[in-house]
file coords_11.cif (mmCIF, C-alpha atoms)
data_run
#
loop_
_atom_site.label_atom_id
_atom_site.label_comp_id
_atom_site.auth_asym_id
_atom_site.auth_seq_id
_atom_site.Cartn_x
_atom_site.Cartn_y
_atom_site.Cartn_z
CA MET L 206 108.23 153.50 82.71
CA HIS L 207 111.16 153.62 80.30
CA ARG L 208 108.85 152.28 77.59
CA ILE L 209 106.03 154.74 78.31
CA MET L 210 108.54 157.60 78.21
CA GLY L 211 109.80 156.35 74.86
CA VAL L 212 106.27 156.21 73.45
CA LEU L 213 105.56 159.76 74.66
CA LEU L 214 108.84 161.04 73.25
CA THR L 215 107.77 160.03 69.74
CA ALA L 216 105.44 163.03 70.02
CA GLY L 217 108.61 165.08 70.22
CA LEU L 218 109.83 163.51 66.98
CA VAL L 219 106.57 164.54 65.32
CA LEU L 220 107.08 168.10 66.63
CA PHE L 221 110.62 168.04 65.21
CA VAL L 222 109.31 167.15 61.73
CA ILE L 223 106.66 169.86 62.06
CA SER L 224 109.31 172.44 62.94
CA LEU L 225 111.28 171.49 59.80
CA ALA L 226 108.08 171.75 57.76
CA VAL L 227 107.44 175.22 59.19
CA ILE L 228 111.00 176.38 58.43
CA GLN L 229 110.81 175.24 54.80
CA CYS L 230 107.45 177.07 54.48
CA GLY L 231 109.07 180.48 54.73
CA ALA L 232 109.91 183.40 56.98
CA SER L 233 106.40 184.33 58.09
CA SER L 234 105.51 180.82 59.25
CA PHE L 235 108.83 180.54 61.07
CA GLU L 236 108.21 183.82 62.86
CA SER L 237 104.73 182.78 63.98
CA MET L 238 106.17 179.53 65.33
CA GLN L 239 108.82 181.52 67.16
CA SER L 240 106.23 183.78 68.77
CA LEU L 241 104.29 180.65 69.78
CA LEU L 242 107.46 179.38 71.47
CA GLN L 243 107.66 182.60 73.50
CA GLN L 244 104.39 181.64 75.24
CA PRO L 245 105.32 180.57 78.80
CA LEU L 246 103.11 177.46 78.81
CA ILE L 247 104.44 176.22 75.48
CA GLY L 248 107.98 176.86 76.65
CA LEU L 249 107.25 174.91 79.83
CA ALA L 250 105.83 171.99 77.82
CA LEU L 251 108.92 172.02 75.61
CA TRP L 252 111.32 171.96 78.57
CA LEU L 253 109.31 169.17 80.20
CA MET L 254 109.80 167.18 77.00
CA VAL L 255 113.51 167.93 77.12
CA TYR L 256 113.53 166.65 80.70
CA ALA L 257 111.71 163.49 79.58
CA LEU L 258 114.29 163.06 76.82
CA PHE L 259 117.21 163.40 79.23
CA PHE L 260 115.60 161.07 81.74
CA HIS L 261 115.04 158.50 78.99
CA LEU L 262 118.68 159.02 77.95
CA CYS L 263 120.02 158.54 81.50
CA HIS L 264 117.86 155.51 82.15
CA GLY L 265 118.92 154.17 78.76
CA VAL L 266 122.54 154.37 79.89
CA ARG L 267 121.59 152.18 82.86
CA HIS L 268 119.95 149.70 80.50
CA LEU L 269 123.19 149.58 78.53
CA ILE L 270 125.09 148.92 81.77
CA TRP L 271 122.58 146.19 82.63
CA ASP L 272 123.05 144.69 79.18
CA ALA L 273 126.76 144.57 79.88
CA GLY L 274 125.94 142.43 82.92
CA GLU L 275 126.68 145.00 85.63
CA GLY L 276 124.65 147.06 88.07
CA TYR L 277 122.29 144.43 89.49
CA GLU L 278 123.18 145.00 93.16
CA LYS L 279 119.93 145.43 95.06
CA LEU L 280 121.26 148.15 97.35
CA LEU L 281 122.43 150.29 94.46
CA MET L 282 119.07 150.29 92.59
CA ASN L 283 117.52 153.15 94.57
CA TYR L 284 120.75 155.05 94.39
CA TYR L 285 120.85 154.72 90.59
CA ILE L 286 117.32 156.00 90.07
CA LEU L 287 118.11 159.08 92.18
CA LEU L 288 121.29 159.59 90.20
CA GLU L 289 119.35 159.36 86.92
CA MET L 290 116.74 161.87 88.06
CA PHE L 291 119.36 164.27 89.32
CA ALA L 292 121.45 163.94 86.15
CA ALA L 293 118.36 164.52 83.99
CA ILE L 294 117.39 167.61 86.00
CA ALA L 295 120.97 168.90 85.79
CA LEU L 296 121.18 168.34 82.02
CA THR L 297 117.79 170.00 81.47
CA PHE L 298 118.78 172.95 83.64
CA LEU L 299 122.12 173.36 81.86
CA SER L 300 120.39 173.24 78.46
CA PHE L 301 117.84 175.77 79.66
CA LEU L 302 120.61 178.07 80.87
CA PHE L 303 122.47 177.61 77.58
CA VAL L 304 119.40 178.61 75.57
CA GLN L 305 118.64 181.55 77.88
CA ILE L 306 122.19 182.89 77.81
CA GLY L 307 122.26 182.51 74.05
CA SER L 308 119.67 185.30 73.81
CA MET T 48 102.24 124.35 89.24
CA ASP T 49 104.29 124.48 86.11
CA TYR T 50 107.31 122.23 86.32
CA ARG T 51 108.48 122.82 82.78
CA THR T 52 111.83 124.51 82.45
CA PRO T 53 112.10 127.73 80.43
CA LEU T 54 114.10 125.82 77.84
CA ALA T 55 111.36 123.19 77.45
CA LYS T 56 108.78 125.95 76.93
CA ALA T 57 110.90 127.67 74.30
CA ARG T 58 111.59 124.47 72.35
CA GLY T 59 109.50 124.03 69.24
CA LEU T 60 108.51 127.70 69.02
CA GLY T 61 111.12 128.32 66.36
CA SER T 62 114.02 130.71 66.44
CA ALA T 63 113.78 134.41 67.28
CA LYS T 64 114.62 135.01 63.58
CA THR T 65 115.78 138.63 63.31
CA GLY T 66 115.13 139.26 67.01
CA THR T 67 118.81 139.56 67.86
CA ALA T 68 119.43 142.14 65.14
CA HIS T 69 116.38 144.09 66.36
CA TRP T 70 117.65 144.08 69.94
CA TRP T 71 121.16 144.97 68.83
CA MET T 72 120.11 147.88 66.60
CA GLN T 73 118.00 149.24 69.46
CA ARG T 74 121.22 149.50 71.47
CA VAL T 75 123.37 150.82 68.63
CA THR T 76 120.88 153.60 67.86
CA ALA T 77 120.57 154.34 71.60
CA VAL T 78 124.31 154.95 71.88
CA ALA T 79 124.31 157.09 68.74
CA LEU T 80 121.43 159.17 70.10
CA ILE T 81 123.33 160.14 73.27
CA PRO T 82 125.55 162.72 71.52
CA LEU T 83 122.89 163.52 68.89
CA SER T 84 120.44 164.57 71.63
CA PHE T 85 122.80 167.38 72.56
CA TRP T 86 122.67 168.58 68.97
CA LEU T 87 118.90 168.80 69.43
CA ILE T 88 119.45 171.33 72.23
CA LEU T 89 121.48 173.46 69.81
CA PHE T 90 118.60 173.21 67.35
CA ILE T 91 116.08 174.26 70.04
CA ASP T 92 118.34 177.21 70.83
CA GLN T 93 118.15 178.24 67.17
CA LEU T 94 114.36 177.86 67.18
CA PHE T 95 114.13 180.29 70.09
CA HIS T 96 116.57 182.98 69.05
CA ALA T 97 117.66 182.80 65.42
CA SER T 98 116.18 184.99 62.73
CA TYR T 99 114.84 183.20 59.67
CA SER T 100 117.96 183.69 57.58
CA GLU T 101 120.17 182.80 60.55
CA ILE T 102 118.46 179.45 61.21
CA LYS T 103 118.57 178.58 57.51
CA GLN T 104 122.29 179.32 57.28
CA TRP T 105 122.84 177.37 60.50
CA LEU T 106 120.90 174.32 59.29
CA VAL T 107 122.62 174.08 55.91
CA SER T 108 126.17 174.28 57.21
CA PRO T 109 127.76 170.89 56.42
CA VAL T 110 128.10 169.83 60.06
CA ASN T 111 124.57 170.76 61.10
CA PHE T 112 123.00 169.35 57.95
CA THR T 113 124.74 166.03 58.60
CA LEU T 114 123.78 166.02 62.27
CA LEU T 115 120.19 166.96 61.42
CA LEU T 116 119.77 163.96 59.13
CA ALA T 117 121.72 161.68 61.49
CA TRP T 118 119.50 162.76 64.40
CA ALA T 119 116.30 162.36 62.40
CA PHE T 120 117.07 158.95 60.89
CA THR T 121 118.55 157.48 64.08
CA GLY T 122 115.68 158.88 66.15
CA PHE T 123 112.97 157.51 63.86
CA TYR T 124 114.68 154.15 63.65
CA HIS T 125 115.10 153.93 67.44
CA ALA T 126 111.48 155.01 68.02
CA ALA T 127 110.10 152.54 65.48
CA LEU T 128 112.07 149.68 67.05
CA GLY T 129 110.92 150.68 70.53
CA LEU T 130 107.25 151.10 69.59
CA GLN T 131 107.35 147.74 67.85
CA VAL T 132 108.49 146.04 71.07
CA VAL T 133 105.79 147.82 73.10
CA ILE T 134 103.11 146.70 70.62
CA GLU T 135 104.41 143.14 70.49
CA ASP T 136 104.45 142.92 74.29
CA TYR T 137 101.15 144.60 75.19
CA VAL T 138 98.75 144.34 72.23
CA ASN T 139 96.81 141.14 72.27
CA PRO T 140 94.99 139.90 69.17
CA ASP T 141 97.63 138.83 66.67
CA TRP T 142 96.14 140.56 63.65
CA ILE T 143 95.96 143.94 65.44
CA LYS T 144 99.56 143.47 66.53
CA ILE T 145 100.71 142.79 62.96
CA VAL T 146 98.74 145.69 61.48
CA LEU T 147 100.00 148.11 64.15
CA VAL T 148 103.63 147.11 63.55
CA TRP T 149 103.11 147.76 59.84
CA VAL T 150 101.52 151.12 60.56
CA ILE T 151 104.42 152.07 62.84
CA LYS T 152 107.04 151.08 60.27
CA LEU T 153 105.32 152.89 57.40
CA THR T 154 104.64 156.00 59.51
CA PHE T 155 108.22 156.33 60.68
CA THR T 156 109.64 155.66 57.23
CA GLY T 157 107.28 158.37 55.97
CA MET T 158 108.40 160.83 58.64
CA ALA T 159 112.05 160.11 57.84
CA ILE T 160 111.44 160.77 54.13
CA ALA T 161 109.48 163.92 54.98
CA SER T 162 112.29 165.34 57.10
CA LEU T 163 114.77 164.59 54.31
CA VAL T 164 112.54 166.43 51.82
CA PHE T 165 112.10 169.40 54.19
CA ALA T 166 115.85 169.54 54.83
CA ILE T 167 116.61 169.54 51.10
CA ARG T 168 114.03 172.25 50.48
CA ILE T 169 115.58 174.39 53.23
CA ALA T 170 119.03 173.83 51.71
CA ILE T 171 117.84 174.81 48.22
CA SER T 172 116.16 177.98 49.42
CA ALA T 173 119.22 178.92 51.50
CA GLY T 174 121.66 178.25 48.69
#
call {"tool": "encode", "arguments": {"input": "coords_11.cif", "output": "structure tokens"}}
result
Amino acid sequence: MHRIMGVLLTAGLVLFVISLAVIQCGASSFESMQSLLQQPLIGLALWLMVYALFFHLCHGVRHLIWDAGEGYEKLLMNYYILLEMFAAIALTFLSFLFVQIGS
Amino acid sequence: MDYRTPLAKARGLGSAKTGTAHWWMQRVTAVALIPLSFWLILFIDQLFHASYSEIKQWLVSPVNFTLLLAWAFTGFYHAALGLQVVIEDYVNPDWIKIVLVWVIKLTFTGMAIASLVFAIRIAISAG
């Protein structure tokens, strides 16, 4: 799961490079990309990717804790996954709010 | 039934060579990417709301230019390491595995160089 997420997130890296390419192209290309971003479906896809990024980040923190030799208690496993999902939702929501309020 | 111990199976296969460094760098880049991912949110915010001249000025400020390149290089490195592990673990014929790992490494090096070039071009046009 963590690995599949990581593979999918590389698509986000490609999008990041594309956005830099568009910006260096000039004002008109940047503005068409911006109007594309205003499309609800594209915005939704972008925020889903942000959620995937945050989930990967939170689960990655657990992997780091595992690497340190902690967090193997069977009872806590289900609790951790819920915590990760909740933290990822919270971080995505806060980022979304931040971007919305910025306007 | 396989009565051989894990150690007996591993003996004679040779060392993991640079495996430890690979594993370690995966973790180092992971930790670095935790704060850098929040910079990405700031960048997305700019993509949504900034005018063209605003986003250019924002990107070429010393802090953001540094964080942009740090994010890009760390991200590509982390992704290349991760994809390499996925390929090594799930792709079967050896020659496909080797070719795919090459392709991944070259592609991500290329993307890193491309983002450096784009960033420099943005900086030149903003300056």
call {"tool": "interface_residues", "arguments": {"input": "coords_11.cif", "of": "chain T", "to": "chain L", "cutoff": "6 Å", "atoms": "only C-alpha atoms", "output": "ChimeraX atom specification"}}
result
/T:92,99,162,165,169
call {"tool": "atom_distance", "arguments": {"input": "coords_11.cif", "atom1": "atom CA of T:Thr76", "atom2": "atom CA of T:Tyr124"}}
result
7.5 Å
call {"tool": "closest_residue", "arguments": {"input": "coords_11.cif", "among": "L:Gly274, L:Gln244, L:Leu220, L:Met206", "to": "L:Ile286", "atoms": "only C-alpha atoms"}}
result
L:Met206
call {"tool": "closest_residue", "arguments": {"input": "coords_11.cif", "among": "T:Val78, T:Ile91, T:Leu106, T:Ala57", "to": "L:Ile270", "atoms": "only C-alpha atoms"}}
result
T:Val78
call {"tool": "axis_aligned_box", "arguments": {"input": "coords_11.cif", "around": "stretch 211-214 of chain L", "padding_each_side": "5 Å", "output": "AutoDock Vina command-line options"}}
result
--center_x 107.7 --center_y 158.6 --center_z 74.1 --size_x 14.2 --size_y 14.8 --size_z 11.6
call {"tool": "build_atoms", "arguments": {"input": "coords_11.cif", "residues": "stretch 121-140 of chain T", "atoms": "N, CA and C atoms", "output": "JSON list (two decimals), in the coordinates of the input"}}
result
[["chain", "number", "residue", "atom", "x", "y", "z"],
["T", 121, "THR", "N", 118.29, 158.34, 62.92],
["T", 121, "THR", "CA", 118.55, 157.48, 64.08],
["T", 121, "THR", "C", 117.36, 157.53, 65.04],
["T", 122, "GLY", "N", 116.81, 158.73, 65.24],
["T", 122, "GLY", "CA", 115.68, 158.88, 66.15],
["T", 122, "GLY", "C", 114.46, 158.11, 65.67],
["T", 123, "PHE", "N", 114.14, 158.22, 64.38],
["T", 123, "PHE", "CA", 112.97, 157.51, 63.86],
["T", 123, "PHE", "C", 113.18, 156.00, 63.93],
["T", 124, "TYR", "N", 114.37, 155.58, 63.62],
["T", 124, "TYR", "CA", 114.68, 154.15, 63.65],
["T", 124, "TYR", "C", 114.53, 153.61, 65.08],
["T", 125, "HIS", "N", 115.15, 154.31, 66.03],
["T", 125, "HIS", "CA", 115.10, 153.93, 67.44],
["T", 125, "HIS", "C", 113.65, 153.90, 67.93],
["T", 126, "ALA", "N", 112.88, 154.92, 67.56],
["T", 126, "ALA", "CA", 111.48, 155.01, 68.02],
["T", 126, "ALA", "C", 110.65, 153.89, 67.41],
["T", 127, "ALA", "N", 110.88, 153.59, 66.13],
["T", 127, "ALA", "CA", 110.10, 152.54, 65.48],
["T", 127, "ALA", "C", 110.40, 151.19, 66.11],
["T", 128, "LEU", "N", 111.70, 150.94, 66.40],
["T", 128, "LEU", "CA", 112.07, 149.68, 67.05],
["T", 128, "LEU", "C", 111.42, 149.58, 68.43],
["T", 129, "GLY", "N", 111.46, 150.69, 69.17],
["T", 129, "GLY", "CA", 110.92, 150.68, 70.53],
["T", 129, "GLY", "C", 109.41, 150.50, 70.52],
["T", 130, "LEU", "N", 108.71, 151.23, 69.65],
["T", 130, "LEU", "CA", 107.25, 151.10, 69.59],
["T", 130, "LEU", "C", 106.86, 149.69, 69.18],
["T", 131, "GLN", "N", 107.65, 149.11, 68.28],
["T", 131, "GLN", "CA", 107.35, 147.74, 67.85],
["T", 131, "GLN", "C", 107.38, 146.77, 69.04],
["T", 132, "VAL", "N", 108.39, 146.93, 69.90],
["T", 132, "VAL", "CA", 108.49, 146.04, 71.07],
["T", 132, "VAL", "C", 107.29, 146.25, 72.00],
["T", 133, "VAL", "N", 106.92, 147.53, 72.22],
["T", 133, "VAL", "CA", 105.79, 147.82, 73.10],
["T", 133, "VAL", "C", 104.52, 147.18, 72.54],
["T", 134, "ILE", "N", 104.30, 147.29, 71.23],
["T", 134, "ILE", "CA", 103.11, 146.70, 70.62],
["T", 134, "ILE", "C", 103.15, 145.18, 70.74],
["T", 135, "GLU", "N", 104.31, 144.61, 70.43],
["T", 135, "GLU", "CA", 104.41, 143.14, 70.49],
["T", 135, "GLU", "C", 104.18, 142.61, 71.90],
["T", 136, "ASP", "N", 104.57, 143.41, 72.92],
["T", 136, "ASP", "CA", 104.45, 142.92, 74.29],
["T", 136, "ASP", "C", 103.08, 143.17, 74.90],
["T", 137, "TYR", "N", 102.37, 144.22, 74.48],
["T", 137, "TYR", "CA", 101.15, 144.60, 75.19],
["T", 137, "TYR", "C", 99.87, 144.53, 74.37],
["T", 138, "VAL", "N", 99.97, 144.39, 73.04],
["T", 138, "VAL", "CA", 98.75, 144.34, 72.23],
["T", 138, "VAL", "C", 98.39, 142.88, 72.01],
["T", 139, "ASN", "N", 97.09, 142.56, 72.23],
["T", 139, "ASN", "CA", 96.81, 141.14, 72.27],
["T", 139, "ASN", "C", 96.44, 140.44, 70.96],
["T", 140, "PRO", "N", 95.31, 140.72, 70.34],
["T", 140, "PRO", "CA", 94.99, 139.90, 69.17],
["T", 140, "PRO", "C", 96.10, 140.01, 68.11]]
